[in-house]
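The file query-v5.cif contains mmCIF, C-alpha atoms and all ligand atoms:
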```cif
data_upload
loop_
_atom_site.label_atom_id
_atom_site.label_comp_id
_atom_site.auth_asym_id
_atom_site.auth_seq_id
_atom_site.Cartn_x
_atom_site.Cartn_y
_atom_site.Cartn_z
CA MET A 1 -10.48 63.46 -53.39
CA ASP A 2 -13.81 64.95 -54.50
CA GLY A 3 -16.20 62.98 -56.66
CA ILE A 4 -19.64 61.41 -56.49
CA LEU A 5 -18.25 58.49 -54.46
CA ALA A 6 -16.04 60.45 -52.05
CA GLY A 7 -16.09 58.81 -48.61
CA LYS A 8 -17.62 55.57 -49.88
CA THR A 9 -16.08 52.10 -49.60
CA ILE A 10 -17.01 49.73 -52.42
CA VAL A 11 -16.21 46.03 -52.82
CA VAL A 12 -15.52 45.03 -56.44
CA MET A 13 -15.80 41.31 -57.24
CA GLY A 14 -14.56 39.92 -60.55
CA VAL A 15 -11.34 41.62 -61.66
CA ALA A 16 -9.29 38.99 -63.50
CA ASN A 17 -7.09 41.33 -65.54
CA GLN A 18 -7.04 44.85 -67.00
CA ARG A 19 -9.58 43.87 -69.67
CA SER A 20 -12.17 42.88 -67.06
CA ILE A 21 -15.33 44.95 -66.88
CA ALA A 22 -14.74 44.96 -63.11
CA TRP A 23 -11.41 46.71 -63.72
CA GLY A 24 -13.08 49.41 -65.83
CA CYS A 25 -15.47 49.81 -62.90
CA THR A 26 -12.63 49.93 -60.37
CA GLU A 27 -10.89 52.73 -62.27
CA ALA A 28 -14.14 54.68 -62.60
CA LEU A 29 -14.97 54.29 -58.90
CA MET A 30 -11.50 55.38 -57.82
CA ALA A 31 -11.71 58.38 -60.16
CA GLN A 32 -14.90 59.37 -58.30
CA GLY A 33 -13.17 59.20 -54.92
CA ALA A 34 -14.22 55.72 -53.70
CA GLN A 35 -12.05 53.50 -51.60
CA VAL A 36 -12.10 50.13 -53.35
CA ILE A 37 -11.65 46.60 -51.99
CA LEU A 38 -11.14 43.87 -54.61
CA THR A 39 -12.04 40.21 -54.24
CA TYR A 40 -10.35 37.51 -56.31
CA GLN A 41 -11.34 33.93 -57.13
CA ASN A 42 -8.06 32.09 -56.52
CA ASP A 43 -4.31 32.50 -55.97
CA ARG A 44 -3.55 32.55 -59.70
CA LEU A 45 -5.80 35.57 -60.12
CA LYS A 46 -4.38 37.19 -56.99
CA GLN A 47 -0.96 37.06 -58.66
CA SER A 48 -2.46 38.59 -61.80
CA LEU A 49 -3.94 41.45 -59.72
CA GLN A 50 -0.68 42.08 -57.90
CA ARG A 51 0.94 42.91 -61.25
CA PHE A 52 -1.21 46.00 -61.89
CA VAL A 53 -3.22 46.91 -58.80
CA ALA A 54 -1.69 49.46 -56.40
CA PRO A 55 -0.44 47.77 -53.21
CA THR A 56 -2.68 50.08 -51.18
CA VAL A 57 -5.82 48.39 -52.59
CA PRO A 58 -6.97 45.55 -50.28
CA LEU A 59 -7.29 42.11 -51.94
CA ILE A 60 -9.61 39.52 -50.35
CA ALA A 61 -10.08 35.89 -51.47
CA CYS A 62 -13.63 34.93 -52.47
CA ASP A 63 -14.58 31.93 -54.60
CA VAL A 64 -18.37 32.19 -54.87
CA ALA A 65 -18.73 28.47 -55.65
CA ASP A 66 -19.08 27.90 -51.91
CA ASP A 67 -21.31 29.93 -49.57
CA ASP A 68 -18.83 29.52 -46.71
CA ASN A 69 -16.18 31.31 -48.78
CA VAL A 70 -18.57 34.18 -49.41
CA ASP A 71 -19.44 34.42 -45.70
CA ARG A 72 -15.77 34.30 -44.74
CA ALA A 73 -14.80 36.97 -47.28
CA PHE A 74 -17.41 39.46 -46.07
CA ALA A 75 -16.67 38.69 -42.40
CA SER A 76 -13.04 39.45 -43.10
CA ILE A 77 -13.93 42.69 -44.94
CA LYS A 78 -16.14 43.76 -42.04
CA GLN A 79 -13.48 42.99 -39.47
CA GLN A 80 -10.74 44.84 -41.34
CA TYR A 81 -12.59 47.74 -43.00
CA GLY A 82 -15.98 48.05 -41.27
CA ALA A 83 -19.30 48.78 -42.97
CA ILE A 84 -19.43 49.27 -46.75
CA ASP A 85 -21.39 51.45 -49.18
CA GLY A 86 -21.69 49.12 -52.14
CA ILE A 87 -20.68 46.07 -54.13
CA ILE A 88 -20.02 45.39 -57.78
CA HIS A 89 -20.73 41.77 -58.66
CA ALA A 90 -19.03 41.10 -62.02
CA ILE A 91 -18.83 37.32 -61.88
CA ALA A 92 -20.00 34.66 -64.29
CA TYR A 93 -18.97 31.18 -65.35
CA ALA A 94 -20.35 28.39 -67.50
CA ASP A 95 -18.65 25.34 -68.79
CA LYS A 96 -17.62 25.55 -72.46
CA ALA A 97 -19.98 22.76 -73.56
CA THR A 98 -22.96 24.91 -72.54
CA LEU A 99 -21.74 27.82 -74.67
CA GLU A 100 -21.88 26.18 -78.08
CA GLY A 101 -24.16 24.33 -80.43
CA GLU A 102 -27.71 23.44 -79.60
CA PHE A 103 -29.08 24.67 -76.27
CA VAL A 104 -31.26 21.55 -76.11
CA ASN A 105 -28.10 19.56 -75.26
CA THR A 106 -27.49 21.46 -72.00
CA THR A 107 -26.81 18.95 -69.21
CA LYS A 108 -28.13 19.26 -65.67
CA ALA A 109 -24.58 19.67 -64.36
CA GLY A 110 -23.86 22.42 -66.89
CA TYR A 111 -27.13 24.14 -66.09
CA ASP A 112 -26.51 24.02 -62.33
CA LEU A 113 -22.94 25.28 -62.58
CA ALA A 114 -23.83 28.33 -64.67
CA GLN A 115 -26.80 29.20 -62.46
CA ASN A 116 -24.76 28.77 -59.27
CA ILE A 117 -21.81 30.90 -60.20
CA SER A 118 -23.50 33.46 -62.44
CA ALA A 119 -26.90 34.02 -60.78
CA TYR A 120 -27.20 32.41 -57.35
CA SER A 121 -23.91 33.99 -56.21
CA LEU A 122 -25.55 37.43 -56.20
CA ILE A 123 -28.02 36.18 -53.58
CA ALA A 124 -25.22 34.67 -51.46
CA VAL A 125 -23.23 37.90 -51.69
CA ALA A 126 -26.23 40.07 -50.77
CA ARG A 127 -27.02 37.86 -47.77
CA ALA A 128 -23.43 37.75 -46.50
CA ALA A 129 -22.95 41.49 -46.94
CA ARG A 130 -26.36 42.55 -45.59
CA PRO A 131 -25.30 43.15 -41.96
CA MET A 132 -22.46 45.42 -43.07
CA LEU A 133 -24.25 47.45 -45.74
CA LYS A 134 -24.73 51.06 -44.71
CA SER A 135 -28.08 52.77 -45.18
CA GLY A 136 -27.94 54.13 -48.75
CA ALA A 137 -25.73 51.29 -50.00
CA SER A 138 -26.05 50.04 -53.56
CA LEU A 139 -25.37 46.69 -55.25
CA VAL A 140 -24.64 46.48 -58.98
CA THR A 141 -24.33 43.34 -61.09
CA LEU A 142 -23.47 42.78 -64.76
CA THR A 143 -25.81 41.17 -67.24
CA TYR A 144 -26.11 40.82 -71.02
CA PHE A 145 -28.79 41.15 -73.69
CA GLY A 146 -28.63 37.36 -74.23
CA SER A 147 -31.04 37.16 -71.26
CA GLU A 148 -33.81 38.47 -73.52
CA ARG A 149 -32.87 37.16 -76.98
CA ALA A 150 -31.63 33.81 -78.19
CA VAL A 151 -28.09 34.93 -79.07
CA PRO A 152 -26.18 32.17 -80.94
CA ASN A 153 -23.90 30.16 -78.60
CA TYR A 154 -24.63 32.38 -75.55
CA ASN A 155 -27.06 29.59 -74.65
CA MET A 156 -26.78 28.65 -70.97
CA MET A 157 -25.35 32.02 -69.97
CA GLY A 158 -28.46 33.71 -71.40
CA VAL A 159 -30.63 31.62 -69.09
CA ALA A 160 -28.38 32.38 -66.11
CA LYS A 161 -28.52 36.11 -66.92
CA ALA A 162 -32.33 35.99 -67.06
CA ALA A 163 -32.27 34.49 -63.55
CA LEU A 164 -29.73 37.09 -62.43
CA GLU A 165 -32.01 39.93 -63.59
CA ALA A 166 -34.93 38.38 -61.69
CA ASN A 167 -32.67 38.08 -58.62
CA VAL A 168 -32.01 41.81 -58.90
CA ARG A 169 -35.73 42.57 -58.70
CA TYR A 170 -36.41 40.29 -55.73
CA LEU A 171 -33.32 41.45 -53.83
CA ALA A 172 -34.27 45.08 -54.48
CA ARG A 173 -37.62 44.40 -52.85
CA ASP A 174 -36.06 42.64 -49.81
CA LEU A 175 -33.29 45.14 -49.18
CA GLY A 176 -35.27 48.27 -49.96
CA PRO A 177 -36.61 48.74 -46.42
CA GLN A 178 -32.96 48.76 -45.26
CA GLN A 179 -32.31 51.59 -47.77
CA VAL A 180 -30.17 49.33 -49.95
CA ARG A 181 -30.64 49.40 -53.73
CA VAL A 182 -29.91 46.64 -56.25
CA ASN A 183 -29.52 47.20 -60.01
CA ALA A 184 -27.94 45.56 -63.04
CA ILE A 185 -26.03 46.97 -65.99
CA SER A 186 -26.69 45.18 -69.26
CA ALA A 187 -23.31 45.76 -70.89
CA GLY A 188 -22.44 45.55 -74.56
CA ALA A 189 -20.05 42.84 -75.71
CA VAL A 190 -16.42 43.44 -74.75
CA LYS A 191 -13.49 41.10 -75.43
CA THR A 192 -12.67 39.76 -71.97
CA LEU A 193 -11.51 36.40 -70.64
CA ALA A 194 -15.13 35.37 -69.95
CA VAL A 195 -16.19 36.10 -73.53
CA THR A 196 -13.44 33.95 -75.01
CA GLY A 197 -15.20 30.93 -73.43
CA ILE A 198 -18.10 31.38 -75.88
CA HIS A 199 -17.88 29.35 -79.09
CA GLU A 200 -17.23 31.66 -82.10
CA HIS A 201 -17.00 34.67 -79.78
CA GLN A 202 -15.27 36.63 -82.57
CA GLN A 203 -18.54 36.56 -84.53
CA LEU A 204 -20.49 37.64 -81.46
CA LEU A 205 -18.13 40.57 -80.89
CA LYS A 206 -18.21 41.53 -84.59
CA LEU A 207 -22.00 41.37 -84.78
CA SER A 208 -22.37 43.36 -81.57
CA ARG A 209 -19.96 46.01 -82.82
CA SER A 210 -21.88 46.31 -86.08
CA MET A 211 -25.06 46.98 -84.06
CA THR A 212 -23.73 49.88 -81.94
CA VAL A 213 -24.88 53.32 -83.02
CA ASP A 214 -21.40 54.37 -84.15
CA GLY A 215 -19.79 51.03 -85.03
CA GLU A 216 -17.50 51.19 -81.99
CA PRO A 217 -17.78 48.77 -79.05
CA VAL A 218 -18.57 50.08 -75.59
CA LYS A 219 -15.48 50.58 -73.39
CA THR A 220 -15.15 49.00 -69.95
CA ARG A 221 -14.55 52.47 -68.52
CA GLU A 222 -17.90 53.64 -69.98
CA ILE A 223 -19.58 50.72 -68.22
CA GLY A 224 -17.67 51.65 -65.06
CA ASN A 225 -18.87 55.25 -65.20
CA VAL A 226 -22.50 54.09 -65.14
CA ALA A 227 -21.65 51.72 -62.28
CA ALA A 228 -20.23 54.73 -60.41
CA PHE A 229 -23.50 56.58 -60.94
CA LEU A 230 -25.54 53.57 -59.72
CA LEU A 231 -23.37 53.31 -56.60
CA SER A 232 -23.68 57.02 -55.90
CA ASP A 233 -26.38 59.05 -54.19
CA LEU A 234 -27.29 60.51 -57.62
CA SER A 235 -29.31 57.34 -58.33
CA THR A 236 -31.22 56.94 -55.05
CA GLY A 237 -34.49 56.72 -57.01
CA MET A 238 -33.40 53.64 -58.98
CA THR A 239 -33.70 50.06 -57.75
CA GLY A 240 -34.54 46.67 -59.25
CA ASP A 241 -33.63 48.06 -62.66
CA VAL A 242 -31.58 46.84 -65.62
CA VAL A 243 -29.77 49.67 -67.38
CA TYR A 244 -28.28 49.18 -70.88
CA VAL A 245 -24.72 50.35 -71.39
CA ASP A 246 -24.22 48.88 -74.84
CA LYS A 247 -24.05 51.87 -77.18
CA GLY A 248 -27.48 51.05 -78.57
CA VAL A 249 -27.09 47.38 -79.49
CA HIS A 250 -30.44 46.64 -77.82
CA LEU A 251 -32.18 49.09 -80.19
CA SER A 252 -31.94 46.71 -83.17
P1 LIG A 301 -13.75 38.48 -66.86
O1 LIG A 301 -13.32 37.11 -67.28
O2 LIG A 301 -12.74 39.53 -66.86
O3 LIG A 301 -14.43 38.42 -65.42
C1 LIG A 301 -15.17 37.33 -64.98
C2 LIG A 301 -14.82 37.18 -63.51
O4 LIG A 301 -15.63 36.15 -62.91
C3 LIG A 301 -13.35 36.76 -63.30
O5 LIG A 301 -12.70 37.71 -62.48
C4 LIG A 301 -13.46 35.44 -62.59
O6 LIG A 301 -12.43 35.23 -61.64
C5 LIG A 301 -14.81 35.58 -61.91
N1 LIG A 301 -15.32 34.30 -61.46
C6 LIG A 301 -15.69 33.22 -62.22
N2 LIG A 301 -16.01 32.20 -61.40
C7 LIG A 301 -15.85 32.65 -60.12
C8 LIG A 301 -15.99 32.06 -58.84
N3 LIG A 301 -16.35 30.78 -58.69
N4 LIG A 301 -15.74 32.83 -57.75
C9 LIG A 301 -15.35 34.11 -57.87
N5 LIG A 301 -15.17 34.72 -59.05
C10 LIG A 301 -15.42 33.98 -60.16
O7 LIG A 301 -14.97 38.81 -67.82
P2 LIG A 301 -16.01 40.03 -67.86
O8 LIG A 301 -16.55 39.99 -69.23
O9 LIG A 301 -15.39 41.26 -67.35
O10 LIG A 301 -17.16 39.51 -66.91
C11 LIG A 301 -17.67 40.27 -65.82
C12 LIG A 301 -19.19 40.21 -65.82
O11 LIG A 301 -19.68 40.98 -66.92
C13 LIG A 301 -19.77 38.82 -65.99
O12 LIG A 301 -20.93 38.70 -65.19
C14 LIG A 301 -20.15 38.80 -67.45
O13 LIG A 301 -21.16 37.86 -67.75
C15 LIG A 301 -20.65 40.22 -67.58
N6 LIG A 301 -20.80 40.71 -68.95
C16 LIG A 301 -19.77 40.62 -69.83
C17 LIG A 301 -19.92 41.11 -71.11
C18 LIG A 301 -18.79 41.01 -72.11
O14 LIG A 301 -19.06 41.16 -73.31
N7 LIG A 301 -17.56 40.82 -71.68
C19 LIG A 301 -21.13 41.70 -71.51
C20 LIG A 301 -22.16 41.79 -70.59
C21 LIG A 301 -21.98 41.29 -69.31
#
```
Translate this file's structure into structure tokens.
Amino acid sequence: MDGILAGKTIVVMGVANQRSIAWGCTEALMAQGAQVILTYQNDRLKQSLQRFVAPTVPLIACDVADDDNVDRAFASIKQQYGAIDGIIHAIAYADKATLEGEFVNTTKAGYDLAQNISAYSLIAVARAARPMLKSGASLVTLTYFGSERAVPNYNMMGVAKAALEANVRYLARDLGPQQVRVNAISAGAVKTLAVTGIHEHQQLLKLSRSMTVDGEPVKTREIGNVAAFLLSDLSTGMTGDVVYVDKGVHLS
């Protein structure tokens, strides 16, 4: 199939269901001719994926809470499918208590958990994948505007996203000499499983929608199309960047 990703193999991390941003990315990448490998967090999510993902798409276990899992997952991908052209990292988690009320009440455990899963994991993934990334490969992660503004209840995840965006810049510098690029998409609010963990997420979604240029929320497929561009050779001049795909919410 022709397309800007024809001949490329991309690992997509973070599909939980068909509402996931990672699924919008997967569909966009496949539409551009990529071969996609999906990773899943646990057996429950594997079963969810098996309900809607074509059986020809490889599924690999990878819980990023543990570096050994990440190493094992990429070793297994390398052994079965060889070198890869890119990765989408669409993973985040924070415990509910850190996504409500006053940020000043954030506990050390809550802080560490959100940073580990939502920000540090990008470093672990980049390190594990490094030996199998082809020259010209591209890594893309997902962030949110709450990294720059104090969005009500986004709290700990905003801090983790700020760290994630800094990770993107430092990784871009490290991997650049190997001709590997690293960028982030700052996506607009979309109703996914992750968002429902935020206290009063309905208000957040409503407010975000009211701030888009046309009153309509961004679609996961629109986010995926930009991910496809960032993974393609059309964006070889971009690295260490954060690109908004939020239909203008950041303009207000
Ligand atoms: P989602 O719930 O569909 O996806 C989150 C994914 O993270 C799930 O697949 C889950 O299995 C995975 N995950 C959590 N802990 C993990 C672990 N320990 N190991 C492996 N995987 C783990 O939600 P989503 O909104 O599609 O989230 C994808 C990314 O997009 C996240 O980084 C999120 O912060 C970001 N984002 C979301 C929005 C939004 O409004 N939904 C906006 C901007 C950015």
Among the residues A:Arg169, A:Lys96, A:His201, A:Arg130, the one that comes closest to ligand LIG 301 (chain A) [using all atoms listed in the file]: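 Residue with the minimum atom-to-atom distance to ligand LIG 301 (chain A): A:His201.
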Please return the centre and edge lengths, in Å to one decimal, of a box with edges along x, y and z that contains all listed atoms of ligand LIG 301 (chain A), widened by 5 Å on every side, as AutoDock Vina command-line options.
```
--center_x -17.3 --center_y 36.3 --center_z -65.5 --size_x 19.7 --size_y 21.0 --size_z 25.6
```
Pull the closest atom pair for each residue of chain A that gets at most 6 Å from ligand LIG 301 (chain A), along with the distance in Å to one decimal, counting only C-alpha atoms and all ligand atoms, ordering rows by chain and then ascending residue number, as a tab-separated table.
```
residue	atom	partner	partner_atom	distance
A:Gly14	CA	A:LIG301	O5	3.5
A:Val15	CA	A:LIG301	O5	4.2
A:Ala16	CA	A:LIG301	O5	3.8
A:Ser20	CA	A:LIG301	O2	3.4
A:Ile21	CA	A:LIG301	O9	3.7
A:Ala22	CA	A:LIG301	O9	5.7
A:Gln41	CA	A:LIG301	C9	4.1
A:Cys62	CA	A:LIG301	C9	5.7
A:Asp63	CA	A:LIG301	N4	3.5
A:Val64	CA	A:LIG301	N4	4.0
A:Ala65	CA	A:LIG301	N3	4.5
A:Ala90	CA	A:LIG301	C12	3.9
A:Ile91	CA	A:LIG301	O4	3.6
A:Ala92	CA	A:LIG301	O12	4.2
A:Tyr93	CA	A:LIG301	C6	5.0
A:Ile117	CA	A:LIG301	N3	5.7
A:Leu142	CA	A:LIG301	O11	4.7
A:Thr143	CA	A:LIG301	C21	4.4
A:Tyr144	CA	A:LIG301	C20	4.1
A:Ser186	CA	A:LIG301	C20	5.8
A:Ala187	CA	A:LIG301	C20	4.1
A:Gly188	CA	A:LIG301	C19	5.1
A:Ala189	CA	A:LIG301	O14	3.1
A:Val190	CA	A:LIG301	O14	3.8
A:Lys191	CA	A:LIG301	N7	5.5
A:Thr192	CA	A:LIG301	O8	4.8
A:Leu193	CA	A:LIG301	O1	3.9
A:Ala194	CA	A:LIG301	O1	3.7
A:Val195	CA	A:LIG301	N7	5.3
```
How would the residues just picked look written out with C-alpha atoms as a PDB file, in the frame of the given file?
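Just written: result_38.pdb:
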```
ATOM      1  CA  GLY A  14     -14.560  39.920 -60.550  1.00  0.00           C
ATOM      2  CA  VAL A  15     -11.340  41.620 -61.660  1.00  0.00           C
ATOM      3  CA  ALA A  16      -9.290  38.990 -63.500  1.00  0.00           C
ATOM      4  CA  SER A  20     -12.170  42.880 -67.060  1.00  0.00           C
ATOM      5  CA  ILE A  21     -15.330  44.950 -66.880  1.00  0.00           C
ATOM      6  CA  ALA A  22     -14.740  44.960 -63.110  1.00  0.00           C
ATOM      7  CA  GLN A  41     -11.340  33.930 -57.130  1.00  0.00           C
ATOM      8  CA  CYS A  62     -13.630  34.930 -52.470  1.00  0.00           C
ATOM      9  CA  ASP A  63     -14.580  31.930 -54.600  1.00  0.00           C
ATOM     10  CA  VAL A  64     -18.370  32.190 -54.870  1.00  0.00           C
ATOM     11  CA  ALA A  65     -18.730  28.470 -55.650  1.00  0.00           C
ATOM     12  CA  ALA A  90     -19.030  41.100 -62.020  1.00  0.00           C
ATOM     13  CA  ILE A  91     -18.830  37.320 -61.880  1.00  0.00           C
ATOM     14  CA  ALA A  92     -20.000  34.660 -64.290  1.00  0.00           C
ATOM     15  CA  TYR A  93     -18.970  31.180 -65.350  1.00  0.00           C
ATOM     16  CA  ILE A 117     -21.810  30.900 -60.200  1.00  0.00           C
ATOM     17  CA  LEU A 142     -23.470  42.780 -64.760  1.00  0.00           C
ATOM     18  CA  THR A 143     -25.810  41.170 -67.240  1.00  0.00           C
ATOM     19  CA  TYR A 144     -26.110  40.820 -71.020  1.00  0.00           C
ATOM     20  CA  SER A 186     -26.690  45.180 -69.260  1.00  0.00           C
ATOM     21  CA  ALA A 187     -23.310  45.760 -70.890  1.00  0.00           C
ATOM     22  CA  GLY A 188     -22.440  45.550 -74.560  1.00  0.00           C
ATOM     23  CA  ALA A 189     -20.050  42.840 -75.710  1.00  0.00           C
ATOM     24  CA  VAL A 190     -16.420  43.440 -74.750  1.00  0.00           C
ATOM     25  CA  LYS A 191     -13.490  41.100 -75.430  1.00  0.00           C
ATOM     26  CA  THR A 192     -12.670  39.760 -71.970  1.00  0.00           C
ATOM     27  CA  LEU A 193     -11.510  36.400 -70.640  1.00  0.00           C
ATOM     28  CA  ALA A 194     -15.130  35.370 -69.950  1.00  0.00           C
ATOM     29  CA  VAL A 195     -16.190  36.100 -73.530  1.00  0.00           C
TER      30      VAL A 195
END
```
Closest to A:Asn225 among A:Ile185, A:Ile10, A:Ile87, A:Met211, using all atoms listed in the file?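 Comparing A:Ile185, A:Ile10, A:Ile87, A:Met211 against A:Asn225, the winner is A:Ile185.
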Open item on the list: At a cut-off of 6 Å, using only C-alpha atoms, what residues contact stretch 48-61 of chain A? Leave out same-chain residues fewer than 4 positions from it and give the result as a PyMOL selection string.
Closed with: chain A and resi 37-40
**Prompt:** Of the candidates A:Tyr120, A:Ser138, A:Met132, A:Leu234, which one gets nearest to A:Ser76 if we count all atoms listed in the file?
**Reply:**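 Smallest distance to A:Ser76 is found for A:Met132.
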